[in-house]
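Participant: This is query33.txt (compact mmCIF, C-alpha atoms).
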# COMPACT_ATOMS: atom_id res chain seq x y z
CA MET A 154 95.48 166.49 11.58
CA LYS A 155 98.18 167.49 14.03
CA LYS A 156 96.95 169.93 16.63
CA HIS A 157 98.83 173.07 17.59
CA ARG A 158 100.29 173.39 21.08
CA VAL A 159 100.53 176.82 22.68
CA LEU A 160 102.66 178.53 25.29
CA PHE A 161 100.50 181.21 26.91
CA ILE A 162 103.16 183.45 28.43
CA ASP A 163 102.58 186.14 31.04
CA ARG A 164 104.64 189.33 30.73
CA ASP A 165 105.25 191.15 34.04
CA GLY A 166 107.04 188.92 36.53
CA THR A 167 107.66 186.27 33.88
CA LEU A 168 109.44 187.92 30.95
CA ILE A 169 110.42 191.03 32.87
CA GLU A 170 110.78 191.66 36.58
CA GLU A 171 107.79 193.34 38.19
CA PRO A 172 108.41 196.46 40.31
CA GLN A 173 106.69 197.08 43.64
CA ASP A 174 104.11 199.40 42.09
CA GLU A 175 103.33 196.65 39.51
CA GLN A 176 103.55 199.15 36.65
CA ILE A 177 106.41 199.18 34.16
CA ASP A 178 105.96 202.65 32.73
CA SER A 179 109.59 203.73 32.29
CA PHE A 180 112.83 202.24 31.03
CA ASP A 181 114.55 202.50 34.40
CA LYS A 182 112.07 199.91 35.73
CA LEU A 183 112.81 197.43 32.95
CA HIS A 184 114.82 194.33 33.87
CA PHE A 185 114.55 191.00 32.06
CA VAL A 186 114.03 187.88 34.18
CA PRO A 187 117.34 185.94 34.31
CA GLY A 188 117.54 183.00 31.90
CA MET A 189 114.34 183.94 30.07
CA ILE A 190 115.90 185.00 26.76
CA GLN A 191 118.06 181.88 26.42
CA ALA A 192 115.12 179.65 27.36
CA LEU A 193 112.57 181.13 24.97
CA SER A 194 115.11 181.35 22.17
CA PHE A 195 115.80 177.63 22.59
CA LEU A 196 112.11 176.71 22.75
CA ARG A 197 111.30 178.86 19.72
CA GLN A 198 114.04 177.16 17.73
CA HIS A 199 113.54 173.57 18.86
CA THR A 200 109.78 173.17 19.42
CA ASP A 201 106.60 173.79 17.46
CA PHE A 202 104.70 175.60 20.23
CA ARG A 203 102.82 178.77 19.31
CA PHE A 204 103.88 181.71 21.48
CA VAL A 205 101.01 183.84 22.82
CA MET A 206 101.59 186.67 25.29
CA VAL A 207 98.69 187.08 27.72
CA SER A 208 98.99 190.04 30.06
CA ASN A 209 96.84 192.10 32.42
CA GLN A 210 97.78 195.78 32.29
CA ASP A 211 95.59 197.45 34.89
CA GLY A 212 94.04 200.66 33.59
CA LEU A 213 96.14 200.94 30.45
CA GLY A 214 95.00 204.02 28.59
CA THR A 215 93.69 205.78 31.70
CA ASP A 216 95.23 208.71 33.56
CA SER A 217 96.88 206.27 36.00
CA PHE A 218 98.64 204.42 33.18
CA PRO A 219 98.89 206.51 29.99
CA GLU A 220 99.57 204.63 26.78
CA ASP A 221 102.58 206.78 25.93
CA THR A 222 104.39 205.37 29.01
CA PHE A 223 103.53 201.75 28.11
CA TRP A 224 104.19 201.25 24.42
CA PRO A 225 107.81 202.50 24.17
CA VAL A 226 108.88 200.05 26.88
CA HIS A 227 106.70 197.26 25.53
CA ASN A 228 107.97 197.68 21.98
CA PHE A 229 111.56 197.70 23.23
CA ILE A 230 110.91 194.38 24.96
CA LEU A 231 109.54 192.90 21.73
CA GLN A 232 112.43 194.24 19.64
CA THR A 233 114.99 192.87 22.08
CA LEU A 234 113.39 189.43 22.07
CA GLN A 235 113.03 189.46 18.29
CA GLY A 236 116.77 190.05 18.03
CA GLU A 237 117.21 186.72 19.83
CA GLY A 238 114.79 184.89 17.54
CA ILE A 239 111.83 185.17 19.90
CA THR A 240 108.57 186.31 18.32
CA PHE A 241 104.97 186.06 19.48
CA ASP A 242 102.24 184.70 17.26
CA GLU A 243 99.75 186.86 19.13
CA GLN A 244 99.71 189.40 21.95
CA LEU A 245 96.65 189.60 24.17
CA ILE A 246 96.52 192.53 26.61
CA ASP A 247 93.63 193.25 28.94
CA ARG A 248 93.29 196.83 30.21
CA HIS A 249 90.67 196.39 32.95
CA PHE A 250 91.11 196.98 36.66
CA PRO A 251 90.50 193.97 38.94
CA GLU A 252 87.31 195.54 40.33
CA ASP A 253 85.83 195.64 36.82
CA ASN A 254 85.45 191.84 36.94
CA ALA A 255 85.91 191.73 33.17
CA PRO A 256 85.73 188.24 31.60
CA THR A 257 88.77 189.08 29.51
CA ARG A 258 91.00 189.71 32.51
CA LYS A 259 93.07 186.71 33.69
CA PRO A 260 92.12 184.33 35.18
CA GLY A 261 89.04 184.91 33.03
CA ILE A 262 89.08 183.15 29.67
CA GLY A 263 87.67 185.89 27.47
CA MET A 264 90.94 186.74 25.72
CA VAL A 265 91.68 183.16 24.65
CA LYS A 266 88.28 181.81 23.65
CA GLN A 267 89.47 181.43 20.07
CA TYR A 268 92.00 178.85 21.27
CA ILE A 269 89.64 177.00 23.60
CA GLU A 270 86.86 176.69 21.05
CA ASN A 271 89.05 175.83 18.06
CA PRO A 272 89.64 172.05 17.78
CA ALA A 273 92.89 172.76 15.92
CA TYR A 274 94.54 173.60 19.26
CA ASP A 275 95.74 170.98 21.73
CA MET A 276 94.93 172.72 24.99
CA GLU A 277 95.59 169.65 27.13
CA ASN A 278 99.26 169.64 26.09
CA SER A 279 99.67 173.41 26.08
CA TYR A 280 101.11 175.45 28.95
CA VAL A 281 100.51 178.68 30.80
CA ILE A 282 103.80 180.16 32.04
CA GLY A 283 103.37 182.78 34.73
CA ASP A 284 104.39 183.87 38.21
CA ARG A 285 101.15 184.14 40.18
CA ASP A 286 98.32 182.02 41.57
CA THR A 287 96.04 183.72 39.04
CA ASP A 288 98.18 182.28 36.25
CA ALA A 289 97.73 178.79 37.70
CA LEU A 290 93.98 179.40 37.93
CA PHE A 291 93.97 180.74 34.37
CA ALA A 292 95.65 177.53 33.19
CA ARG A 293 93.03 175.43 34.98
CA ASN A 294 90.21 177.50 33.53
CA ILE A 295 91.38 176.99 29.94
CA GLY A 296 92.42 173.35 30.35
CA CYS A 297 96.19 173.80 30.15
CA LYS A 298 99.11 172.81 32.31
CA ALA A 299 100.54 175.51 34.56
CA ILE A 300 104.20 176.36 35.15
CA ILE A 301 104.68 178.98 37.85
CA LEU A 302 108.06 180.69 37.82
CA GLY A 303 109.69 180.85 41.24
CA ARG A 304 107.52 178.15 42.80
CA GLU A 305 109.37 175.14 44.20
CA GLY A 306 112.61 176.21 42.56
CA MET A 307 111.10 176.64 39.09
CA THR A 308 113.53 178.60 36.91
CA TRP A 309 113.56 179.29 33.19
CA GLN A 310 116.20 176.57 32.86
CA ARG A 311 113.85 174.02 34.43
CA ILE A 312 110.94 175.33 32.38
CA THR A 313 112.94 174.69 29.21
CA GLU A 314 113.82 171.16 30.31
CA LEU A 315 110.21 170.41 31.19
CA ILE A 316 108.71 171.70 27.94
CA PHE A 317 111.39 170.40 25.58
CA GLY A 318 112.28 167.12 27.27
CA GLY A 319 108.87 166.34 28.73
CA GLU A 320 107.68 165.62 32.24
CA ARG A 321 109.63 162.77 33.79
CA THR A 322 106.93 161.22 35.92
CA SER A 323 105.55 157.72 36.19
CA GLU A 324 103.24 155.73 38.41
CA ILE A 325 102.67 152.05 39.00
CA HIS A 326 100.01 150.05 40.78
CA ARG A 327 101.41 146.57 41.38
CA GLN A 328 99.21 143.90 42.92
CA THR A 329 100.04 140.33 43.85
CA LYS A 330 98.61 137.90 46.39
CA GLU A 331 101.31 139.13 48.78
CA THR A 332 101.42 142.91 48.25
CA ASP A 333 99.41 145.85 46.94
CA ILE A 334 101.74 148.71 45.96
CA TYR A 335 101.17 152.17 44.50
CA ILE A 336 104.20 154.28 43.56
CA LYS A 337 104.45 157.64 41.82
CA VAL A 338 107.77 159.27 40.90
CA CYS A 339 108.67 162.72 39.60
CA LEU A 340 112.37 162.91 38.79
CA ASP A 341 112.32 166.71 38.53
CA GLY A 342 110.68 167.34 41.86
CA THR A 343 111.62 169.04 45.11
CA GLY A 344 111.91 166.05 47.45
CA LYS A 345 108.27 165.84 48.59
CA CYS A 346 107.51 162.41 50.01
CA ASP A 347 104.37 160.50 50.97
CA ILE A 348 105.55 157.08 52.10
CA ASN A 349 103.84 154.33 54.07
CA THR A 350 104.93 150.70 53.84
CA GLY A 351 103.95 149.56 57.32
CA LEU A 352 107.64 149.43 58.29
CA GLY A 353 108.77 152.60 60.02
CA PHE A 354 112.49 152.27 59.41
CA PHE A 355 111.93 151.31 55.76
CA ASP A 356 109.78 154.43 55.33
CA HIS A 357 112.58 156.50 56.84
CA MET A 358 115.12 155.06 54.39
CA LEU A 359 112.88 155.50 51.34
CA GLU A 360 112.30 159.10 52.36
CA GLN A 361 116.06 159.67 52.06
CA ILE A 362 115.82 158.80 48.36
CA GLY A 363 113.22 161.47 47.73
CA LYS A 364 114.60 164.16 50.02
CA HIS A 365 118.26 163.96 49.04
CA GLY A 366 117.61 163.03 45.42
CA MET A 367 115.16 165.91 44.85
CA ILE A 368 112.65 163.34 43.65
CA ASP A 369 108.95 163.62 44.49
CA LEU A 370 108.08 160.18 45.76
CA THR A 371 104.79 158.56 46.73
CA ILE A 372 104.94 154.98 48.00
CA HIS A 373 101.95 153.20 49.52
CA THR A 374 102.54 149.53 50.25
CA ILE A 375 100.17 147.04 51.88
CA GLY A 376 102.01 143.78 52.41
CA ASP A 377 101.64 140.50 54.25
CA LEU A 378 103.54 141.68 57.30
CA ASN A 379 101.69 139.04 59.30
CA VAL A 380 103.99 136.57 57.49
CA ASP A 381 107.21 138.63 57.56
CA GLU A 382 108.84 141.70 55.99
CA HIS A 383 110.30 140.00 52.92
CA HIS A 384 107.54 140.52 50.35
CA THR A 385 106.86 144.12 51.43
CA ILE A 386 110.49 145.18 51.03
CA GLU A 387 111.35 143.22 47.90
CA ASP A 388 108.15 144.04 45.98
CA THR A 389 108.44 147.73 46.87
CA ALA A 390 111.96 147.70 45.43
CA LEU A 391 110.76 146.04 42.22
CA ALA A 392 107.93 148.55 41.75
CA LEU A 393 110.19 151.52 42.57
CA GLY A 394 112.84 150.34 40.12
CA GLU A 395 110.29 149.92 37.34
CA CYS A 396 108.86 153.36 38.11
CA LEU A 397 112.33 154.95 37.87
CA LEU A 398 112.97 153.20 34.56
CA ARG A 399 109.69 154.43 33.08
CA ALA A 400 110.25 157.99 34.30
CA LEU A 401 113.64 158.10 32.58
CA GLY A 402 111.97 157.54 29.23
CA ASP A 403 114.46 157.30 26.37
CA LYS A 404 117.28 158.58 28.65
CA ARG A 405 118.40 161.24 26.19
CA GLY A 406 120.38 164.04 27.78
CA ILE A 407 120.87 162.35 31.16
CA GLU A 408 124.23 162.30 32.91
CA ARG A 409 123.77 158.51 33.27
CA TYR A 410 126.39 158.00 35.99
CA GLY A 411 126.50 159.06 39.38
CA TYR A 412 128.48 159.16 44.85
CA CYS A 413 129.90 158.70 48.12
CA LEU A 414 129.29 160.48 51.36
CA PRO A 415 130.26 160.22 55.00
CA MET A 416 127.77 159.93 57.86
CA ASP A 417 129.38 160.29 61.25
CA ASP A 418 131.59 157.20 61.68
CA CYS A 419 130.60 155.67 58.32
CA LEU A 420 131.78 156.10 54.74
CA CYS A 421 129.25 154.97 52.14
CA SER A 422 129.57 154.89 48.39
CA VAL A 423 126.91 154.16 45.82
CA ALA A 424 128.07 154.31 42.21
CA LEU A 425 125.44 153.66 39.58
CA ASP A 426 124.99 153.48 35.84
CA PHE A 427 121.67 153.65 34.02
CA GLY A 428 123.23 151.72 31.16
CA GLY A 429 120.47 149.17 30.82
CA ARG A 430 122.46 146.27 32.28
CA PRO A 431 121.43 145.41 35.86
CA TRP A 432 124.19 144.34 38.22
CA LEU A 433 124.78 144.63 41.94
CA VAL A 434 128.06 144.70 43.80
CA TRP A 435 127.31 144.62 47.55
CA ASP A 436 130.23 145.10 49.92
CA VAL A 437 128.45 145.71 53.19
CA GLU A 438 128.32 143.76 56.44
CA PHE A 439 125.94 144.19 59.35
CA ASN A 440 126.46 142.95 62.88
CA ARG A 441 122.85 143.29 63.96
CA GLU A 442 119.87 141.25 62.85
CA TYR A 443 117.54 144.25 62.77
CA VAL A 444 117.79 148.03 62.39
CA GLY A 445 114.52 149.38 63.66
CA ASP A 446 111.82 147.03 62.39
CA MET A 447 113.75 146.04 59.26
CA PRO A 448 115.86 142.87 58.98
CA THR A 449 119.38 143.76 57.86
CA GLU A 450 119.46 140.77 55.52
CA MET A 451 116.72 142.44 53.47
CA PHE A 452 118.86 145.40 52.45
CA LEU A 453 120.70 143.21 49.94
CA HIS A 454 117.36 141.99 48.57
CA PHE A 455 116.09 145.55 48.28
CA PHE A 456 119.03 146.83 46.26
CA LYS A 457 119.20 143.69 44.09
CA SER A 458 115.50 144.03 43.20
CA LEU A 459 115.88 147.77 42.62
CA SER A 460 118.85 147.20 40.31
CA ASP A 461 117.04 144.50 38.33
CA ALA A 462 113.83 146.47 37.83
CA ALA A 463 115.51 149.80 37.01
CA LYS A 464 118.08 148.08 34.76
CA MET A 465 120.94 149.87 36.47
CA ASN A 466 124.37 148.86 37.66
CA LEU A 467 124.77 149.45 41.40
CA ASN A 468 128.08 149.27 43.24
CA ILE A 469 127.53 149.72 46.98
CA LYS A 470 130.16 149.81 49.69
CA ALA A 471 130.01 150.92 53.30
CA GLN A 472 132.29 150.86 56.31
CA GLY A 473 131.71 151.98 59.86
CA GLN A 474 130.52 150.90 63.30
CA ASN A 475 126.99 152.23 63.73
CA GLU A 476 124.55 150.08 61.76
CA HIS A 477 121.86 152.77 61.59
CA HIS A 478 124.34 155.29 60.23
CA LYS A 479 125.70 152.75 57.80
CA ILE A 480 122.42 151.92 56.08
CA GLU A 481 121.12 155.50 56.22
CA GLY A 482 124.37 156.66 54.63
CA ILE A 483 123.86 154.11 51.84
CA PHE A 484 120.34 155.36 51.10
CA LYS A 485 121.49 158.99 51.15
CA ALA A 486 124.38 158.14 48.84
CA LEU A 487 121.93 156.37 46.52
CA ALA A 488 119.76 159.47 46.51
CA ARG A 489 122.64 161.77 45.62
CA SER A 490 123.81 159.34 42.97
CA LEU A 491 120.33 159.26 41.45
CA LYS A 492 120.17 163.05 41.50
CA MET A 493 123.45 163.23 39.60
CA ALA A 494 122.64 160.47 37.11
CA VAL A 495 119.15 161.68 36.12
CA GLN A 496 120.25 165.30 35.67
CA ARG A 497 119.32 166.32 32.14
CA ASP A 498 121.12 168.60 29.70
CA ILE A 499 118.71 169.62 26.96
CA PHE A 500 121.44 171.53 25.14
CA HIS A 501 123.20 168.19 24.56
CA TYR A 502 120.10 166.08 24.10
CA GLU A 503 121.52 162.78 23.01
CA LEU A 504 122.05 159.32 24.44
CA PRO A 505 125.15 159.17 26.65
CA SER A 506 126.46 156.10 24.86
CA THR A 507 128.70 155.32 21.90
CA LYS A 508 126.39 152.39 21.09
CA GLY A 509 123.44 154.62 20.29
CA MET A 510 121.16 152.82 22.77
CA LEU A 511 120.80 152.24 26.49
Would it be possible to restate this file's structure as structure tokens?
Facilitator:
Amino acid sequence: MKKHRVLFIDRDGTLIEEPQDEQIDSFDKLHFVPGMIQALSFLRQHTDFRFVMVSNQDGLGTDSFPEDTFWPVHNFILQTLQGEGITFDEQLIDRHFPEDNAPTRKPGIGMVKQYIENPAYDMENSYVIGDRDTDALFARNIGCKAIILGREGMTWQRITELIFGGERTSEIHRQTKETDIYIKVCLDGTGKCDINTGLGFFDHMLEQIGKHGMIDLTIHTIGDLNVDEHHTIEDTALALGECLLRALGDKRGIERYGYCLPMDDCLCSVALDFGGRPWLVWDVEFNREYVGDMPTEMFLHFFKSLSDAAKMNLNIKAQGQNEHHKIEGIFKALARSLKMAVQRDIFHYELPSTKGML
């Protein structure tokens, strides 16, 4: 039997903007969060998630928050959303003050026990959408994934992409007699990097991919540097390319193509195509044997291995005098090209190919 997935959606700060006094008790305080209506309308139409509103309304029904100031605004919100095809399967509202320590108040689980205890619901693949740390804690307490609006650039547009298109993450642990490599990639990240290959300049270049590509990137490589740098660099490229390929999934909705940029005296271009056919054009010359602790001859090997493993076409050109600037410009151009190519349009969620496959 197929289990039901649920979106547990907060109200204040998530559907509607929250005022400073944290109490929406009049129409002049009511403002919808930008992008929310389009996002939920799309998700309601194109997914099978149940929609459940879960909201703390401190002291609702008391003198500090009379019901006759709450329900007219609340009902107007529901009517407006219903006009856009957005309905809630259930509304759960807790009226307690924080100091009451009620088990039904988020992040307590009292209001949603019927979902936790019912095996018909797939809590592991359900989401809590909110705007506070308590919403993240609530998600953890009930065994769901958390999406916190406003954190790390999270918008309703990105929320829609994440829920409809899925999380584009992958990780690989690749071991040979020469290297031991762990890589984790999140294509829809914020550029957070944790990189250690034993080669300082290589780490610096790989960090450019994450930072300028807005890709969360973890790379831990232990290689036979007592022999030389070759296996460490080449095997890291192979593992990274495979990780990128896995994270792309079926490639539906991606831009597919993507960039050139200047860096001081250098002009670097990296054009790429995630078309499934690996190829490398390398039009770069170096006049030094090393940049930092990395042999310049290994840059060709890195990009060839990356192209092969990711099944992408890479066309790389660079001109300039400063060798450090030249290779750093190439890595930054690669990052920007990746950012462009992996961008996803869920409103045109199809393969970018006349063949019907990539």
Participant: From the list A:Ile375, A:Ile282, A:Leu420, A:Ala486, which residue is nearest A:Lys330 when using all atoms listed in the file?
Facilitator: A:Ile375
Participant: If I take atom CA of A:Glu450 and atom CA of A:Lys492, how far is one from the other in Å, to one decimal?
Facilitator: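 Taking atom CA of A:Glu450 and atom CA of A:Lys492, their separation equals 26.3 Å.
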Participant: Separation of atom CA of A:Asp356 and atom CA of A:His373, in Å?
Facilitator: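 Computed distance, atom CA of A:Asp356 to atom CA of A:His373, equals 9.8 Å.
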Participant: Give me the residues near A:Arg430 as a VMD selection string, where near means some atom within 8 Å (using all atoms listed in the file) and where sequence neighbours in that chain fewer than 2 positions away do not count.
Facilitator: chain A and resid 427 to 428 432 464 to 466
Participant: Any idea what's packed within 6 Å of stretch 467-473 of chain A, counting only C-alpha atoms, ignoring anything in its chain fewer than 6 positions away? Could you give it as number ranges by chain?
Facilitator: A: 418-425, 433-437
Participant: Calculated over all atoms listed in the file, which of the candidates A:Trp224, A:Phe218, A:Phe455, A:Phe195 has the smallest distance to A:Leu391?
Facilitator: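 Nearest candidate to A:Leu391 out of A:Trp224, A:Phe218, A:Phe455, A:Phe195: A:Phe455.
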Participant: Between A:Thr507, A:Thr449, A:Asn440, A:Ser458, which is the closest to A:Ala392 once you count all atoms listed in the file?
Facilitator: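 Of the candidates, the smallest distance to A:Ala392 is held by A:Ser458.
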Participant: Go ahead and fit an axis-aligned box to every listed atom of stretch 191-204 of chain A plus 5 Å each side, and pass me the centre and edge lengths in Å, one decimal, as JSON.
Facilitator:
{"center_x": 110.4, "center_y": 177.5, "center_z": 22.4, "size_x": 25.2, "size_y": 18.7, "size_z": 19.9}
Participant: List every protein, DNA or RNA residue that has at least one atom no more than 12 Å from (113.8, 173.8, 33.4) in the file's coordinates, counting all atoms listed in the file, and write the result as an MDAnalysis selection string.
Facilitator: chainID A and resid 188:189 191:193 195:196 282 300:303 305:321 341:342 496:500
Participant: Suppose you want the space between atom CA of A:Cys396 and atom CA of A:Phe456; what is it in Å?
Facilitator: 14.6 Å
Participant: Report as a list in words all protein, DNA and RNA residues lying within 10 Å of A:Ile348, evaluated on all atoms listed in the file, omitting residues in the same chain fewer than 2 positions from it.
Facilitator: Ile336, Lys345, Cys346, Thr350, Gly351, Gly353, Phe355, Asp356, His357, Leu359, Glu360, Gly363, Leu370, Thr371, Ile372, His373 and Thr374 of chain A
Participant: Give as a PyMOL selection string each residue that has an atom at most 6 Å from (103.5, 150.9, 39.9) in the file, counting only C-alpha atoms.
Facilitator: chain A and resi 324-327+335-336+392
Participant: I'd like to know which of A:Ala400, A:Leu352, A:Leu414, A:Leu183 is closest to A:Gly445, using only C-alpha atoms.
Facilitator: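 So, comparing all the options, the nearest one is A:Leu352.
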Participant: For A:Gly376, work out the shell of residues within 7 Å, counting all atoms listed in the file and skipping chain neighbours fewer than 6 positions away, then give it as a VMD selection string.
Facilitator: chain A and resid 331 to 333 384 to 385
Participant: Using all atoms listed in the file, which of A:Leu234, A:Leu160, A:Leu168, A:Leu398 sits nearest A:Thr200?
Facilitator: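 Of the candidates, the smallest distance to A:Thr200 is held by A:Leu160.
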Participant: May I have the residues within 10 Å of A:Thr287 as a ChimeraX atom specification, using all atoms listed in the file and disregarding those fewer than 2 positions away in the same chain?
Facilitator: /A:259-261,283-285,289-293,301
